[in-house]
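Let me begin by presenting the structure, written as structure tokens, before commenting on it.
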Amino acid sequence: MSDKDRTVPVGKLLAVSDLHVVYDDNRTLVEKLRPASDDDWLIVAGDVAEKYADVEWAMRLLSGRFSRVIWAPGNHELWTHPQDPCELRGEERYLRLVRLCRELGISTPEDPYPVWRGDGGPVVVAPLFVLYDYSFLAPGATTKEESLRLAHESGVVCSDEYFLHPDPYPSRDAWCRSRVEETERRLSAVDPSLPTVLVSHYPLVRDPTRVLHYPQFAQWCGTS
């Protein structure tokens, strides 16, 4: 247990996602993002940026301002963008981001889950990385292959198909299965006497995707 867990914070447990700091307006907002209290924690639930240097810039800034930062990856951090000098792919890229966060004192899905003991606590805050396996099928599809075909025919295709590589796994859905198994193992070890907040960029149930204007996109959102 860290010193931060032993004290009783008087701040708030805050959350944000989809910062996408490649956009100037978003970067300006992040630059202005400050805690109201020295005890405020910030959850960053994915899609900080596409390029490694932009992710590092944002996470370094936020970790220097908030008492604790907790990060769960989105799909954009995992892209190997053709204009990114960092050419790491797949799991190797993810683990490099984990190392960056650890260097900055940021909690990741690979670290012990921190316990918030302030307002509303104690509660375990569990950042997750589970990806997707195409099981949120497009309307009318009964298989992954058919779902992808319908998406391509409609022109609604996630850029993950081109930039998010599953190396060393044979597919993104295989990587997803591995992540789900590891996440289940980690969560089963959480103290059952404490409530748990699950932090995930990827929906853990399909319901939130039913409002999508393009329902074909749901297959890149989560796993059943």
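Numbering starts fresh at 1 for the residues of each chain in the structure tokens, the chains themselves are lettered A, B, ... in the order given, and ligands are numbered from 1 as they appear.
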Long-range neighbours of Arg186 (chain A) as a list in words, 12 Å cut-off, only C-alpha atoms, 3 positions minimum in chain: Pro109, Glu110, Asp111, Pro112, Tyr113, Ala126, Pro127, Leu128, Phe129, Arg179, Val180, Glu181, Glu182, Thr183, Ala189, Val190, Asp191 and Leu198 of chain A
May I have the selected residues written with C-alpha atoms, as a tab-separated table (two decimals), in the first residue's frame?
```
chain	number	residue	atom	x	y	z
A	109	PRO	CA	-4.20	-2.17	-16.03
A	110	GLU	CA	-0.96	-4.02	-15.25
A	111	ASP	CA	-0.53	-2.53	-11.78
A	112	PRO	CA	-2.17	-3.18	-8.40
A	113	TYR	CA	-5.59	-1.53	-8.42
A	126	ALA	CA	-9.74	-1.03	-11.62
A	127	PRO	CA	-8.47	0.20	-15.01
A	128	LEU	CA	-9.12	-2.49	-17.62
A	129	PHE	CA	-7.80	-3.32	-21.07
A	179	ARG	CA	-6.96	-9.81	-22.18
A	180	VAL	CA	-10.37	-10.94	-20.93
A	181	GLU	CA	-8.85	-14.03	-19.28
A	182	GLU	CA	-6.15	-11.96	-17.57
A	183	THR	CA	-8.66	-9.32	-16.48
A	189	ALA	CA	-8.45	-11.37	-6.54
A	190	VAL	CA	-10.04	-8.03	-5.54
A	191	ASP	CA	-11.19	-7.76	-1.92
A	198	LEU	CA	-14.40	-0.72	-13.54
```
Compile a residue-level contact table for region 77-173 of chain A against region 32-54 of chain A at a cut-off of 10 Å, reporting for every qualifying residue the shortest atom pair and its distance in Å to one decimal, with only C-alpha atoms counted, rows ordered by chain and ascending number, as CSV.
```
residue,atom,partner,partner_atom,distance
A:Glu77,CA,A:Glu50,CA,5.0
A:Leu78,CA,A:Glu50,CA,7.3
A:Trp79,CA,A:Glu50,CA,6.0
A:Thr80,CA,A:Lys51,CA,7.8
A:His81,CA,A:Lys51,CA,6.7
A:Pro82,CA,A:Lys51,CA,9.4
A:Gln83,CA,A:Lys51,CA,8.0
A:Asp84,CA,A:Lys51,CA,5.5
A:Pro85,CA,A:Lys51,CA,8.1
A:Cys86,CA,A:Tyr52,CA,6.4
A:Glu87,CA,A:Tyr52,CA,9.3
A:Leu88,CA,A:Tyr52,CA,9.5
A:Arg93,CA,A:Tyr52,CA,9.0
A:Arg96,CA,A:Tyr52,CA,9.4
A:Leu97,CA,A:Tyr52,CA,8.0
A:Leu100,CA,A:Tyr52,CA,9.8
A:Ile106,CA,A:Ile43,CA,9.8
A:Ser107,CA,A:Ile43,CA,9.3
A:Trp116,CA,A:Trp41,CA,8.5
A:Gly118,CA,A:Asp39,CA,8.6
A:Val125,CA,A:Ile43,CA,9.0
A:Pro127,CA,A:Ala45,CA,8.0
A:Leu128,CA,A:Ala45,CA,9.2
A:Phe129,CA,A:Gly46,CA,9.6
A:Phe163,CA,A:Glu50,CA,9.7
```
Selection to disk with C-alpha atoms, as a short mmCIF file (atom, residue, chain, number, x, y, z; two decimals), in the first residue's frame:
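Result file follows (part28.cif):
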```cif
data_model
loop_
_atom_site.label_atom_id
_atom_site.label_comp_id
_atom_site.auth_asym_id
_atom_site.auth_seq_id
_atom_site.Cartn_x
_atom_site.Cartn_y
_atom_site.Cartn_z
CA GLU A 77 -3.00 4.90 -28.19
CA LEU A 78 -2.44 1.45 -29.68
CA TRP A 79 -2.28 2.63 -33.29
CA THR A 80 0.99 2.40 -35.17
CA HIS A 81 0.40 5.59 -37.10
CA PRO A 82 2.39 5.92 -40.34
CA GLN A 83 3.56 9.38 -39.24
CA ASP A 84 4.65 8.29 -35.76
CA PRO A 85 8.42 7.90 -35.24
CA CYS A 86 7.56 5.25 -32.63
CA GLU A 87 6.99 2.18 -34.79
CA LEU A 88 6.17 -0.31 -32.03
CA ARG A 93 3.44 -0.82 -28.04
CA ARG A 96 5.83 0.60 -23.77
CA LEU A 97 2.91 2.84 -22.83
CA LEU A 100 5.82 5.29 -19.63
CA ILE A 106 0.41 6.55 -13.27
CA SER A 107 -1.61 3.40 -12.50
CA TRP A 116 -9.83 5.58 -3.44
CA GLY A 118 -11.95 9.93 -0.24
CA VAL A 125 -10.55 1.62 -9.01
CA PRO A 127 -8.47 0.20 -15.01
CA LEU A 128 -9.12 -2.49 -17.62
CA PHE A 129 -7.80 -3.32 -21.07
CA PHE A 163 -3.38 0.93 -37.66
#
```
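Nearest residue to Val157 (chain A), choosing from A:Asn75, A:Phe217, A:Arg172, A:Ser63 and counting only C-alpha atoms: A:Phe217.
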Residues flagged strand (DSSP E) by DSSP in region 22-217 of chain A, as a PyMOL selection string
chain A and resi 41-44+68-71+115-116+123-127+196-199
Convert the current residue selection to file output with N, CA and C atoms, as a PDB file, in the first residue's frame.
```pdb
ATOM      1  N   TRP A  41      -7.952  12.914  -7.714  1.00  0.00           N
ATOM      2  CA  TRP A  41      -7.458  11.859  -8.602  1.00  0.00           C
ATOM      3  C   TRP A  41      -8.117  12.046  -9.962  1.00  0.00           C
ATOM      4  N   LEU A  42      -7.438  11.613 -11.020  1.00  0.00           N
ATOM      5  CA  LEU A  42      -7.994  11.704 -12.365  1.00  0.00           C
ATOM      6  C   LEU A  42      -7.891  10.366 -13.077  1.00  0.00           C
ATOM      7  N   ILE A  43      -9.022   9.863 -13.526  1.00  0.00           N
ATOM      8  CA  ILE A  43      -9.073   8.683 -14.389  1.00  0.00           C
ATOM      9  C   ILE A  43      -9.034   9.154 -15.836  1.00  0.00           C
ATOM     10  N   VAL A  44      -8.116   8.594 -16.619  1.00  0.00           N
ATOM     11  CA  VAL A  44      -8.038   8.896 -18.052  1.00  0.00           C
ATOM     12  C   VAL A  44      -8.396   7.615 -18.797  1.00  0.00           C
ATOM     13  N   ARG A  68      -3.119  11.551  -8.143  1.00  0.00           N
ATOM     14  CA  ARG A  68      -2.915  10.267  -8.804  1.00  0.00           C
ATOM     15  C   ARG A  68      -3.653  10.283 -10.132  1.00  0.00           C
ATOM     16  N   VAL A  69      -3.030   9.683 -11.131  1.00  0.00           N
ATOM     17  CA  VAL A  69      -3.674   9.498 -12.437  1.00  0.00           C
ATOM     18  C   VAL A  69      -3.775   8.000 -12.697  1.00  0.00           C
ATOM     19  N   ILE A  70      -4.924   7.589 -13.216  1.00  0.00           N
ATOM     20  CA  ILE A  70      -5.191   6.185 -13.545  1.00  0.00           C
ATOM     21  C   ILE A  70      -5.538   6.129 -15.027  1.00  0.00           C
ATOM     22  N   TRP A  71      -4.842   5.265 -15.765  1.00  0.00           N
ATOM     23  CA  TRP A  71      -5.018   5.207 -17.219  1.00  0.00           C
ATOM     24  C   TRP A  71      -5.474   3.832 -17.676  1.00  0.00           C
ATOM     25  N   VAL A 115      -6.881   2.077  -4.335  1.00  0.00           N
ATOM     26  CA  VAL A 115      -8.114   2.208  -3.560  1.00  0.00           C
ATOM     27  C   VAL A 115      -8.349   3.675  -3.242  1.00  0.00           C
ATOM     28  N   TRP A 116      -9.445   4.210  -3.751  1.00  0.00           N
ATOM     29  CA  TRP A 116      -9.833   5.583  -3.439  1.00  0.00           C
ATOM     30  C   TRP A 116     -10.497   5.601  -2.069  1.00  0.00           C
ATOM     31  N   VAL A 123     -13.178   2.569  -2.310  1.00  0.00           N
ATOM     32  CA  VAL A 123     -13.601   1.864  -3.499  1.00  0.00           C
ATOM     33  C   VAL A 123     -12.366   1.513  -4.328  1.00  0.00           C
ATOM     34  N   VAL A 124     -12.339   0.292  -4.833  1.00  0.00           N
ATOM     35  CA  VAL A 124     -11.246  -0.131  -5.704  1.00  0.00           C
ATOM     36  C   VAL A 124     -11.482   0.440  -7.099  1.00  0.00           C
ATOM     37  N   VAL A 125     -10.460   1.078  -7.654  1.00  0.00           N
ATOM     38  CA  VAL A 125     -10.552   1.621  -9.012  1.00  0.00           C
ATOM     39  C   VAL A 125      -9.722   0.717  -9.928  1.00  0.00           C
ATOM     40  N   ALA A 126     -10.395  -0.003 -10.812  1.00  0.00           N
ATOM     41  CA  ALA A 126      -9.737  -1.027 -11.625  1.00  0.00           C
ATOM     42  C   ALA A 126      -9.714  -0.621 -13.098  1.00  0.00           C
ATOM     43  N   PRO A 127      -8.583  -0.088 -13.574  1.00  0.00           N
ATOM     44  CA  PRO A 127      -8.467   0.195 -15.009  1.00  0.00           C
ATOM     45  C   PRO A 127      -8.323  -1.110 -15.785  1.00  0.00           C
ATOM     46  N   THR A 196     -16.199  -1.906  -6.340  1.00  0.00           N
ATOM     47  CA  THR A 196     -15.188  -1.753  -7.380  1.00  0.00           C
ATOM     48  C   THR A 196     -15.740  -0.921  -8.530  1.00  0.00           C
ATOM     49  N   VAL A 197     -14.952   0.046  -8.967  1.00  0.00           N
ATOM     50  CA  VAL A 197     -15.262   0.826 -10.159  1.00  0.00           C
ATOM     51  C   VAL A 197     -14.430   0.270 -11.307  1.00  0.00           C
ATOM     52  N   LEU A 198     -15.088  -0.200 -12.364  1.00  0.00           N
ATOM     53  CA  LEU A 198     -14.395  -0.719 -13.537  1.00  0.00           C
ATOM     54  C   LEU A 198     -14.219   0.413 -14.541  1.00  0.00           C
ATOM     55  N   VAL A 199     -12.977   0.655 -14.929  1.00  0.00           N
ATOM     56  CA  VAL A 199     -12.648   1.736 -15.857  1.00  0.00           C
ATOM     57  C   VAL A 199     -12.215   1.119 -17.176  1.00  0.00           C
TER      58      VAL A 199
END
```
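Distances from A:Gly120, A:His76, A:Gly90, A:Arg27 to Ser159 (chain A) were compared using only C-alpha atoms, and the smallest one belongs to A:His76.
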Leaving out Asp173 (chain A) and any residue of its chain fewer than 6 positions from it, which residues lie within 8 Å of it when counting only C-alpha atoms, given as number ranges by chain?
-> A: 131-134
